[in-house]
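Okay, input07.txt now, which holds compact mmCIF, C-alpha atoms:
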```txt
# COMPACT_ATOMS: atom_id res chain seq x y z
CA MET R 24 2.70 19.15 5.96
CA VAL R 25 5.58 17.79 8.00
CA ALA R 26 5.88 21.11 9.86
CA LEU R 27 2.20 20.89 10.84
CA TYR R 28 2.67 17.32 12.05
CA LEU R 29 5.77 18.21 14.06
CA GLN R 30 3.98 21.19 15.60
CA ALA R 31 1.30 18.79 16.85
CA LYS R 32 3.72 15.97 17.75
CA PRO R 33 7.14 17.46 18.49
CA GLY R 34 9.96 15.01 18.87
CA THR R 35 8.74 12.62 16.18
CA PRO R 36 11.85 11.08 14.60
CA ALA R 37 12.47 12.12 10.99
CA SER R 38 12.92 8.44 10.11
CA GLU R 39 9.22 7.82 10.92
CA MET R 40 7.68 10.71 8.97
CA ARG R 41 7.41 8.99 5.57
CA THR R 42 5.70 5.95 7.09
CA ILE R 43 3.24 8.12 9.04
CA LEU R 44 2.31 10.11 5.93
CA GLN R 45 2.06 6.98 3.74
CA ASN R 46 -0.12 5.09 6.23
CA THR R 47 -2.70 7.87 6.36
CA ALA R 48 -2.64 9.01 2.71
CA VAL R 49 -5.71 8.41 0.55
CA PRO R 50 -5.20 7.05 -2.99
CA ARG R 51 -7.11 8.67 -5.83
CA ASN R 52 -9.06 7.16 -8.69
CA TRP R 53 -7.49 6.52 -12.07
CA SER R 54 -6.91 9.89 -13.71
CA LEU R 55 -7.88 8.73 -17.24
CA ASN R 56 -11.35 7.62 -16.16
CA PRO R 57 -12.11 8.41 -12.49
CA GLY R 58 -15.75 7.41 -12.87
CA LEU R 59 -14.82 3.74 -13.18
CA GLY R 60 -13.75 3.71 -9.54
CA PHE R 61 -10.35 2.06 -10.18
CA LEU R 62 -7.42 3.38 -8.18
CA ASP R 63 -4.63 5.08 -10.12
CA HIS R 64 -1.42 3.07 -10.43
CA THR R 65 0.79 3.07 -7.37
CA HIS R 66 3.94 3.82 -9.36
CA ARG R 67 2.31 7.11 -10.34
CA GLN R 68 0.67 8.30 -7.10
CA GLY R 69 2.59 6.40 -4.44
CA ALA R 70 0.55 6.22 -1.24
CA GLY R 71 -1.89 8.91 -2.42
CA MET R 72 -2.84 12.34 -1.12
CA VAL R 73 -1.46 13.27 2.29
CA GLN R 74 -4.12 13.69 4.99
CA ILE R 75 -2.39 15.67 7.71
CA VAL R 76 -5.29 15.62 10.20
CA ASP R 77 -5.54 11.83 9.88
CA ALA R 78 -1.77 11.55 10.31
CA ILE R 79 -1.85 13.59 13.52
CA ASN R 80 -4.81 11.66 14.97
CA SER R 81 -3.74 8.16 13.93
CA THR R 82 -3.02 5.63 16.66
CA THR R 83 -2.03 2.89 14.20
CA ARG R 84 1.29 2.62 12.40
CA VAL R 85 2.23 -0.06 9.88
CA ILE R 86 5.89 -0.62 9.10
CA PRO R 87 7.16 -0.62 6.44
CA GLY R 88 4.98 2.13 4.98
CA LYS R 89 5.30 0.70 1.45
CA LEU R 90 6.17 -2.61 -0.18
CA SER R 91 8.52 -2.36 -3.15
CA LEU R 92 8.32 -5.88 -4.61
CA GLY R 93 10.77 -5.50 -7.49
CA GLU R 94 10.51 -7.99 -10.32
CA VAL R 95 8.36 -11.08 -9.88
CA GLU R 96 9.26 -13.50 -12.65
CA THR R 97 7.29 -16.44 -11.29
CA GLY R 98 5.32 -17.18 -8.16
CA SER R 99 4.78 -14.88 -5.22
CA VAL R 100 6.56 -12.42 -2.99
CA THR R 101 6.19 -12.50 0.79
CA ARG R 102 6.92 -9.55 3.05
CA THR R 103 6.32 -8.92 6.75
CA LEU R 104 4.29 -5.98 8.05
CA THR R 105 4.38 -4.87 11.67
CA VAL R 106 1.15 -3.29 12.94
CA HIS R 107 1.69 -1.00 15.95
CA ASN R 108 -1.16 0.07 18.23
CA LEU R 109 -0.14 3.45 19.66
CA GLY R 110 -3.50 3.88 21.39
CA SER R 111 -4.41 3.47 25.05
CA SER R 112 -6.71 0.46 24.57
CA ASN R 113 -6.60 -2.86 22.75
CA GLU R 114 -7.48 -2.67 19.06
CA ARG R 115 -8.88 -5.33 16.75
CA TYR R 116 -7.61 -5.11 13.15
CA ASN R 117 -8.74 -6.64 9.88
CA LEU R 118 -6.50 -6.71 6.78
CA SER R 119 -7.69 -6.66 3.17
CA PHE R 120 -6.45 -5.23 -0.12
CA VAL R 121 -7.54 -3.41 -3.25
CA ASP R 122 -5.81 -3.51 -6.64
CA ALA R 123 -4.80 -0.43 -8.60
CA VAL R 124 -4.61 0.01 -12.37
CA ALA R 125 -1.57 -1.71 -13.92
CA THR R 126 0.50 -0.41 -16.81
CA ARG R 127 2.56 -1.99 -19.55
CA GLY R 128 4.86 -0.43 -22.10
CA THR R 129 7.73 2.01 -22.29
CA PHE R 130 6.73 4.86 -24.61
CA THR R 131 3.13 3.88 -25.33
CA LEU R 132 1.35 2.75 -22.19
CA SER R 133 -1.49 0.29 -22.01
CA PHE R 134 -3.65 0.00 -18.91
CA SER R 135 -5.37 -2.97 -17.31
CA LEU R 136 -6.73 -4.18 -14.01
CA PRO R 137 -5.18 -7.61 -13.63
CA PRO R 138 -6.18 -8.57 -10.09
CA SER R 139 -3.38 -9.74 -7.84
CA ALA R 140 -3.84 -12.40 -5.19
CA VAL R 141 -2.95 -11.11 -1.73
CA THR R 142 -3.04 -13.39 1.30
CA PHE R 143 -2.18 -12.77 4.93
CA SER R 144 -0.78 -15.10 7.59
CA ASN R 145 -3.46 -13.60 9.83
CA ASN R 146 -5.98 -11.06 8.58
CA ASN R 147 -7.97 -10.62 11.80
CA PHE R 148 -6.13 -10.04 15.08
CA THR R 149 -5.99 -7.93 18.24
CA VAL R 150 -3.03 -5.78 19.28
CA ALA R 151 -2.71 -4.69 22.90
CA ALA R 152 -2.36 -0.98 23.71
CA GLY R 153 1.23 0.01 23.03
CA GLY R 154 1.91 -3.35 21.40
CA SER R 155 2.53 -4.67 17.94
CA ALA R 156 1.91 -7.73 15.77
CA ASN R 157 3.72 -9.11 12.73
CA VAL R 158 1.77 -10.31 9.69
CA ASN R 159 3.19 -11.98 6.59
CA VAL R 160 1.74 -10.70 3.32
CA THR R 161 2.03 -12.82 0.18
CA ILE R 162 1.40 -11.06 -3.13
CA THR R 163 1.00 -12.95 -6.39
CA PRO R 164 0.59 -11.00 -9.62
CA ASN R 165 -2.23 -12.24 -11.83
CA PRO R 166 -0.82 -15.22 -13.75
CA GLY R 167 -2.87 -14.10 -16.78
CA ALA R 168 -1.29 -10.64 -16.81
CA THR R 169 1.17 -9.97 -19.61
CA ASP R 170 4.86 -9.99 -18.70
CA GLN R 171 6.46 -6.55 -18.35
CA THR R 172 3.40 -5.26 -16.49
CA GLN R 173 3.83 -2.93 -13.53
CA PHE R 174 1.18 -3.88 -10.97
CA GLY R 175 0.23 -2.65 -7.54
CA GLY R 176 -2.42 -1.86 -5.01
CA TYR R 177 -3.03 -1.08 -1.36
CA ILE R 178 -3.19 -3.18 1.78
CA LEU R 179 -5.97 -1.83 3.99
CA VAL R 180 -5.83 -2.01 7.77
CA ARG R 181 -9.26 -1.54 9.32
CA ASN R 182 -10.24 -1.24 12.97
CA SER R 183 -13.10 -3.04 14.71
CA GLU R 184 -15.59 -0.39 13.52
CA GLY R 185 -14.57 -1.07 9.90
CA ALA R 186 -12.86 2.30 9.36
CA THR R 187 -9.61 2.24 7.38
CA VAL R 188 -6.92 3.38 9.80
CA ALA R 189 -3.83 2.68 7.66
CA ARG R 190 -2.83 1.81 4.10
CA VAL R 191 0.33 0.30 2.69
CA PRO R 192 0.91 0.67 -1.05
CA TYR R 193 2.61 -2.18 -2.90
CA ALA R 194 4.11 -2.23 -6.39
CA GLY R 195 5.98 -4.73 -8.49
CA PHE R 196 7.00 -5.68 -12.02
CA LYS R 197 5.71 -8.94 -13.51
CA GLY R 198 8.50 -10.51 -15.51
CA ASP R 199 12.19 -9.85 -16.02
CA TYR R 200 13.50 -6.27 -16.22
CA GLN R 201 16.37 -7.48 -18.42
CA SER R 202 13.92 -8.61 -21.12
CA ILE R 203 13.00 -5.00 -21.94
CA GLN R 204 14.64 -3.93 -25.20
CA ALA R 205 16.44 -0.60 -24.92
```
Have the structure of the file written as structure tokens, please.
Amino acid sequence: MVALYLQAKPGTPASEMRTILQNTAVPRNWSLNPGLGFLDHTHRQGAGMVQIVDAINSTTRVIPGKLSLGEVETGSVTRTLTVHNLGSSNERYNLSFVDAVATRGTFTLSFSLPPSAVTFSNNNFTVAAGGSANVNVTITPNPGATDQTQFGGYILVRNSEGATVARVPYAGFKGDYQSIQA
């Protein structure tokens, strides 16, 4: 896939390739019951299935391409995303999110959909052609979710027509890693 991208866009720095592929990947539904419409857990599928044509045609880049939240014992985690408009005209963006299935357990997994709370410092903004904008993202795991749950989801970046132009997967662990008995 990378070879195809580099054939279309030679000179792209290697350091940017993962972000480009993550931003334009499409997550898949939960493998154990796809008909429910829940997205599979991010710690299993990462950003999703690579979409090379979308990657080549994209004029939006969001950095970082993923949010690794680590353990969240209490409260929230805030990270900063930078939305770059690589196009030749101004672009209006809207940010939202969708949760993915969460897992709990070490050898025997249990699955749930404990909704996270995700808020943005600004979820509707315009970026000039060739410009960028920073947005703070605050993610709070569901307070009702059991400790030792791995949670995650996807931040969606939509353009003024409502089409999703970029995604950023996020994943975290609710609780304390050290509390897991080995």
Checklist entry - CA of Asn108 in chain R and CA of Met40 in chain R, how far apart in Å? => result 16.6 Å
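When all atoms listed in the file are used to measure the gap to Ser144 in chain R, the shortest distance among R:Pro33, R:Ala78, R:Leu118, R:Gln204 belongs to R:Leu118.
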Each range 43-113 of chain R residue no farther than 9 Å from range 173-197 of chain R, nearest pair in Å, only C-alpha atoms, as JSON lines:
```
{"residue": "R:Gln45", "atom": "CA", "partner": "R:Val191", "partner_atom": "CA", "distance": 7.0}
{"residue": "R:Asn46", "atom": "CA", "partner": "R:Ala189", "partner_atom": "CA", "distance": 4.6}
{"residue": "R:Thr47", "atom": "CA", "partner": "R:Ala189", "partner_atom": "CA", "distance": 5.5}
{"residue": "R:Ala48", "atom": "CA", "partner": "R:Arg190", "partner_atom": "CA", "distance": 7.3}
{"residue": "R:Val49", "atom": "CA", "partner": "R:Arg190", "partner_atom": "CA", "distance": 8.0}
{"residue": "R:Pro50", "atom": "CA", "partner": "R:Tyr177", "partner_atom": "CA", "distance": 8.6}
{"residue": "R:Leu62", "atom": "CA", "partner": "R:Gly176", "partner_atom": "CA", "distance": 7.9}
{"residue": "R:Asp63", "atom": "CA", "partner": "R:Gly176", "partner_atom": "CA", "distance": 8.9}
{"residue": "R:His64", "atom": "CA", "partner": "R:Gly175", "partner_atom": "CA", "distance": 6.6}
{"residue": "R:Thr65", "atom": "CA", "partner": "R:Gly175", "partner_atom": "CA", "distance": 5.7}
{"residue": "R:His66", "atom": "CA", "partner": "R:Ala194", "partner_atom": "CA", "distance": 6.7}
{"residue": "R:Gly69", "atom": "CA", "partner": "R:Pro192", "partner_atom": "CA", "distance": 6.9}
{"residue": "R:Ala70", "atom": "CA", "partner": "R:Pro192", "partner_atom": "CA", "distance": 5.6}
{"residue": "R:Gly71", "atom": "CA", "partner": "R:Pro192", "partner_atom": "CA", "distance": 8.8}
{"residue": "R:Asp77", "atom": "CA", "partner": "R:Val188", "partner_atom": "CA", "distance": 8.6}
{"residue": "R:Ser81", "atom": "CA", "partner": "R:Val188", "partner_atom": "CA", "distance": 7.1}
{"residue": "R:Thr82", "atom": "CA", "partner": "R:Val188", "partner_atom": "CA", "distance": 8.2}
{"residue": "R:Thr83", "atom": "CA", "partner": "R:Val188", "partner_atom": "CA", "distance": 6.6}
{"residue": "R:Arg84", "atom": "CA", "partner": "R:Ala189", "partner_atom": "CA", "distance": 7.0}
{"residue": "R:Val85", "atom": "CA", "partner": "R:Ala189", "partner_atom": "CA", "distance": 7.0}
{"residue": "R:Ile86", "atom": "CA", "partner": "R:Val191", "partner_atom": "CA", "distance": 8.5}
{"residue": "R:Pro87", "atom": "CA", "partner": "R:Val191", "partner_atom": "CA", "distance": 7.8}
{"residue": "R:Gly88", "atom": "CA", "partner": "R:Val191", "partner_atom": "CA", "distance": 5.5}
{"residue": "R:Lys89", "atom": "CA", "partner": "R:Pro192", "partner_atom": "CA", "distance": 5.1}
{"residue": "R:Leu90", "atom": "CA", "partner": "R:Tyr193", "partner_atom": "CA", "distance": 4.5}
{"residue": "R:Ser91", "atom": "CA", "partner": "R:Ala194", "partner_atom": "CA", "distance": 5.5}
{"residue": "R:Leu92", "atom": "CA", "partner": "R:Gly195", "partner_atom": "CA", "distance": 4.7}
{"residue": "R:Gly93", "atom": "CA", "partner": "R:Gly195", "partner_atom": "CA", "distance": 5.0}
{"residue": "R:Glu94", "atom": "CA", "partner": "R:Phe196", "partner_atom": "CA", "distance": 4.5}
{"residue": "R:Val95", "atom": "CA", "partner": "R:Lys197", "partner_atom": "CA", "distance": 5.0}
{"residue": "R:Glu96", "atom": "CA", "partner": "R:Lys197", "partner_atom": "CA", "distance": 5.8}
{"residue": "R:Thr97", "atom": "CA", "partner": "R:Lys197", "partner_atom": "CA", "distance": 8.0}
{"residue": "R:Val106", "atom": "CA", "partner": "R:Val180", "partner_atom": "CA", "distance": 8.8}
```
Per-residue nearest contacts range 43-125 of chain R to range 161-166 of chain R, cut-off 7 Å, using all atoms listed in the file, as a tab-separated table:
```
residue	atom	partner	partner_atom	distance
R:Gly98	CA	R:Thr163	CA	6.3
R:Ser99	CA	R:Thr163	CA	4.4
R:Val100	CA	R:Ile162	CA	5.3
R:Thr101	CA	R:Thr161	CA	4.2
R:Arg102	CA	R:Thr161	CA	6.5
```
Checklist entry - Between CA of Val121 in chain R and CA of Gly167 in chain R, what is the distance, to one decimal in Å? => result 17.9 Å
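Computed from the coordinates, the CA of Asn80 in chain R to CA of Phe120 in chain R distance equals 22.7 Å.
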Next on the checklist: List the spatial neighbours of Ile75 in chain R as a VMD selection string - criterion: any atom at most 9 Å away, all atoms listed in the file, same-chain residues fewer than 6 positions off excluded.
Outcome noted: chain R and resid 24 to 25 27 to 28 44 47 to 48
All heavy atoms for range 107-118 of chain R, written as a PDB file, keeping the file's coordinate frame, could you do that?
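selection_21.pdb written:
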```
ATOM      1  N   HIS R 107       1.492  -1.556  14.606  1.00  0.00           N
ATOM      2  CA  HIS R 107       1.690  -1.000  15.950  1.00  0.00           C
ATOM      3  C   HIS R 107       0.402  -0.309  16.391  1.00  0.00           C
ATOM      4  O   HIS R 107      -0.159   0.491  15.644  1.00  0.00           O
ATOM      5  CB  HIS R 107       2.816   0.029  15.952  1.00  0.00           C
ATOM      6  CG  HIS R 107       4.161  -0.543  15.639  1.00  0.00           C
ATOM      7  ND1 HIS R 107       4.982  -1.071  16.593  1.00  0.00           N
ATOM      8  CD2 HIS R 107       4.805  -0.667  14.460  1.00  0.00           C
ATOM      9  CE1 HIS R 107       6.088  -1.496  16.024  1.00  0.00           C
ATOM     10  NE2 HIS R 107       6.009  -1.263  14.720  1.00  0.00           N
ATOM     11  N   ASN R 108      -0.022  -0.603  17.613  1.00  0.00           N
ATOM     12  CA  ASN R 108      -1.160   0.070  18.230  1.00  0.00           C
ATOM     13  C   ASN R 108      -0.607   1.104  19.203  1.00  0.00           C
ATOM     14  O   ASN R 108      -0.120   0.756  20.280  1.00  0.00           O
ATOM     15  CB  ASN R 108      -2.059  -0.930  18.950  1.00  0.00           C
ATOM     16  CG  ASN R 108      -3.208  -0.277  19.672  1.00  0.00           C
ATOM     17  OD1 ASN R 108      -3.397   0.933  19.613  1.00  0.00           O
ATOM     18  ND2 ASN R 108      -3.988  -1.069  20.379  1.00  0.00           N
ATOM     19  N   LEU R 109      -0.664   2.370  18.827  1.00  0.00           N
ATOM     20  CA  LEU R 109      -0.140   3.450  19.660  1.00  0.00           C
ATOM     21  C   LEU R 109      -1.197   4.007  20.604  1.00  0.00           C
ATOM     22  O   LEU R 109      -0.922   4.947  21.352  1.00  0.00           O
ATOM     23  CB  LEU R 109       0.397   4.574  18.770  1.00  0.00           C
ATOM     24  CG  LEU R 109       1.413   4.143  17.703  1.00  0.00           C
ATOM     25  CD1 LEU R 109       1.760   5.308  16.792  1.00  0.00           C
ATOM     26  CD2 LEU R 109       2.641   3.543  18.333  1.00  0.00           C
ATOM     27  N   GLY R 110      -2.385   3.406  20.566  1.00  0.00           N
ATOM     28  CA  GLY R 110      -3.500   3.880  21.390  1.00  0.00           C
ATOM     29  C   GLY R 110      -3.405   3.393  22.827  1.00  0.00           C
ATOM     30  O   GLY R 110      -2.515   2.635  23.214  1.00  0.00           O
ATOM     31  N   SER R 111      -4.397   3.810  23.621  1.00  0.00           N
ATOM     32  CA  SER R 111      -4.410   3.470  25.050  1.00  0.00           C
ATOM     33  C   SER R 111      -5.308   2.279  25.369  1.00  0.00           C
ATOM     34  O   SER R 111      -5.486   1.942  26.530  1.00  0.00           O
ATOM     35  CB  SER R 111      -4.851   4.698  25.858  1.00  0.00           C
ATOM     36  OG  SER R 111      -6.137   5.111  25.417  1.00  0.00           O
ATOM     37  N   SER R 112      -5.891   1.663  24.343  1.00  0.00           N
ATOM     38  CA  SER R 112      -6.710   0.460  24.570  1.00  0.00           C
ATOM     39  C   SER R 112      -6.428  -0.558  23.465  1.00  0.00           C
ATOM     40  O   SER R 112      -5.903  -0.214  22.403  1.00  0.00           O
ATOM     41  CB  SER R 112      -8.202   0.813  24.601  1.00  0.00           C
ATOM     42  OG  SER R 112      -8.593   1.410  23.380  1.00  0.00           O
ATOM     43  N   ASN R 113      -6.791  -1.801  23.735  1.00  0.00           N
ATOM     44  CA  ASN R 113      -6.600  -2.860  22.750  1.00  0.00           C
ATOM     45  C   ASN R 113      -7.370  -2.519  21.474  1.00  0.00           C
ATOM     46  O   ASN R 113      -8.428  -1.904  21.534  1.00  0.00           O
ATOM     47  CB  ASN R 113      -7.082  -4.201  23.293  1.00  0.00           C
ATOM     48  CG  ASN R 113      -6.258  -4.669  24.473  1.00  0.00           C
ATOM     49  OD1 ASN R 113      -5.228  -4.081  24.798  1.00  0.00           O
ATOM     50  ND2 ASN R 113      -6.710  -5.726  25.121  1.00  0.00           N
ATOM     51  N   GLU R 114      -6.832  -2.948  20.337  1.00  0.00           N
ATOM     52  CA  GLU R 114      -7.480  -2.670  19.060  1.00  0.00           C
ATOM     53  C   GLU R 114      -7.520  -3.941  18.213  1.00  0.00           C
ATOM     54  O   GLU R 114      -6.544  -4.662  18.120  1.00  0.00           O
ATOM     55  CB  GLU R 114      -6.726  -1.571  18.307  1.00  0.00           C
ATOM     56  CG  GLU R 114      -7.401  -1.107  17.039  1.00  0.00           C
ATOM     57  CD  GLU R 114      -8.700  -0.371  17.293  1.00  0.00           C
ATOM     58  OE1 GLU R 114      -8.659   0.767  17.775  1.00  0.00           O
ATOM     59  OE2 GLU R 114      -9.774  -0.946  17.000  1.00  0.00           O
ATOM     60  N   ARG R 115      -8.704  -4.186  17.653  1.00  0.00           N
ATOM     61  CA  ARG R 115      -8.880  -5.330  16.750  1.00  0.00           C
ATOM     62  C   ARG R 115      -8.714  -4.815  15.324  1.00  0.00           C
ATOM     63  O   ARG R 115      -9.298  -3.805  14.947  1.00  0.00           O
ATOM     64  CB  ARG R 115     -10.269  -5.935  16.924  1.00  0.00           C
ATOM     65  CG  ARG R 115     -10.474  -7.166  16.091  1.00  0.00           C
ATOM     66  CD  ARG R 115     -11.144  -8.259  16.934  1.00  0.00           C
ATOM     67  NE  ARG R 115     -11.180  -9.512  16.237  1.00  0.00           N
ATOM     68  CZ  ARG R 115     -10.211 -10.421  16.299  1.00  0.00           C
ATOM     69  NH1 ARG R 115      -9.148 -10.197  17.028  1.00  0.00           N
ATOM     70  NH2 ARG R 115     -10.306 -11.552  15.651  1.00  0.00           N
ATOM     71  N   TYR R 116      -7.889  -5.518  14.519  1.00  0.00           N
ATOM     72  CA  TYR R 116      -7.610  -5.110  13.150  1.00  0.00           C
ATOM     73  C   TYR R 116      -8.027  -6.199  12.171  1.00  0.00           C
ATOM     74  O   TYR R 116      -7.978  -7.389  12.484  1.00  0.00           O
ATOM     75  CB  TYR R 116      -6.108  -4.838  12.947  1.00  0.00           C
ATOM     76  CG  TYR R 116      -5.596  -3.671  13.742  1.00  0.00           C
ATOM     77  CD1 TYR R 116      -4.817  -3.861  14.871  1.00  0.00           C
ATOM     78  CD2 TYR R 116      -5.872  -2.363  13.349  1.00  0.00           C
ATOM     79  CE1 TYR R 116      -4.324  -2.786  15.597  1.00  0.00           C
ATOM     80  CE2 TYR R 116      -5.390  -1.285  14.078  1.00  0.00           C
ATOM     81  CZ  TYR R 116      -4.612  -1.512  15.197  1.00  0.00           C
ATOM     82  OH  TYR R 116      -4.143  -0.443  15.916  1.00  0.00           O
ATOM     83  N   ASN R 117      -8.417  -5.743  10.979  1.00  0.00           N
ATOM     84  CA  ASN R 117      -8.740  -6.640   9.880  1.00  0.00           C
ATOM     85  C   ASN R 117      -7.952  -6.148   8.665  1.00  0.00           C
ATOM     86  O   ASN R 117      -7.954  -4.952   8.375  1.00  0.00           O
ATOM     87  CB  ASN R 117     -10.242  -6.635   9.582  1.00  0.00           C
ATOM     88  CG  ASN R 117     -10.567  -7.517   8.403  1.00  0.00           C
ATOM     89  OD1 ASN R 117     -10.548  -7.068   7.261  1.00  0.00           O
ATOM     90  ND2 ASN R 117     -10.855  -8.768   8.678  1.00  0.00           N
ATOM     91  N   LEU R 118      -7.283  -7.069   7.960  1.00  0.00           N
ATOM     92  CA  LEU R 118      -6.500  -6.710   6.780  1.00  0.00           C
ATOM     93  C   LEU R 118      -7.212  -7.169   5.516  1.00  0.00           C
ATOM     94  O   LEU R 118      -7.782  -8.256   5.464  1.00  0.00           O
ATOM     95  CB  LEU R 118      -5.117  -7.362   6.831  1.00  0.00           C
ATOM     96  CG  LEU R 118      -4.245  -7.018   8.027  1.00  0.00           C
ATOM     97  CD1 LEU R 118      -2.898  -7.718   7.912  1.00  0.00           C
ATOM     98  CD2 LEU R 118      -4.046  -5.531   8.150  1.00  0.00           C
TER      99      LEU R 118
END
```
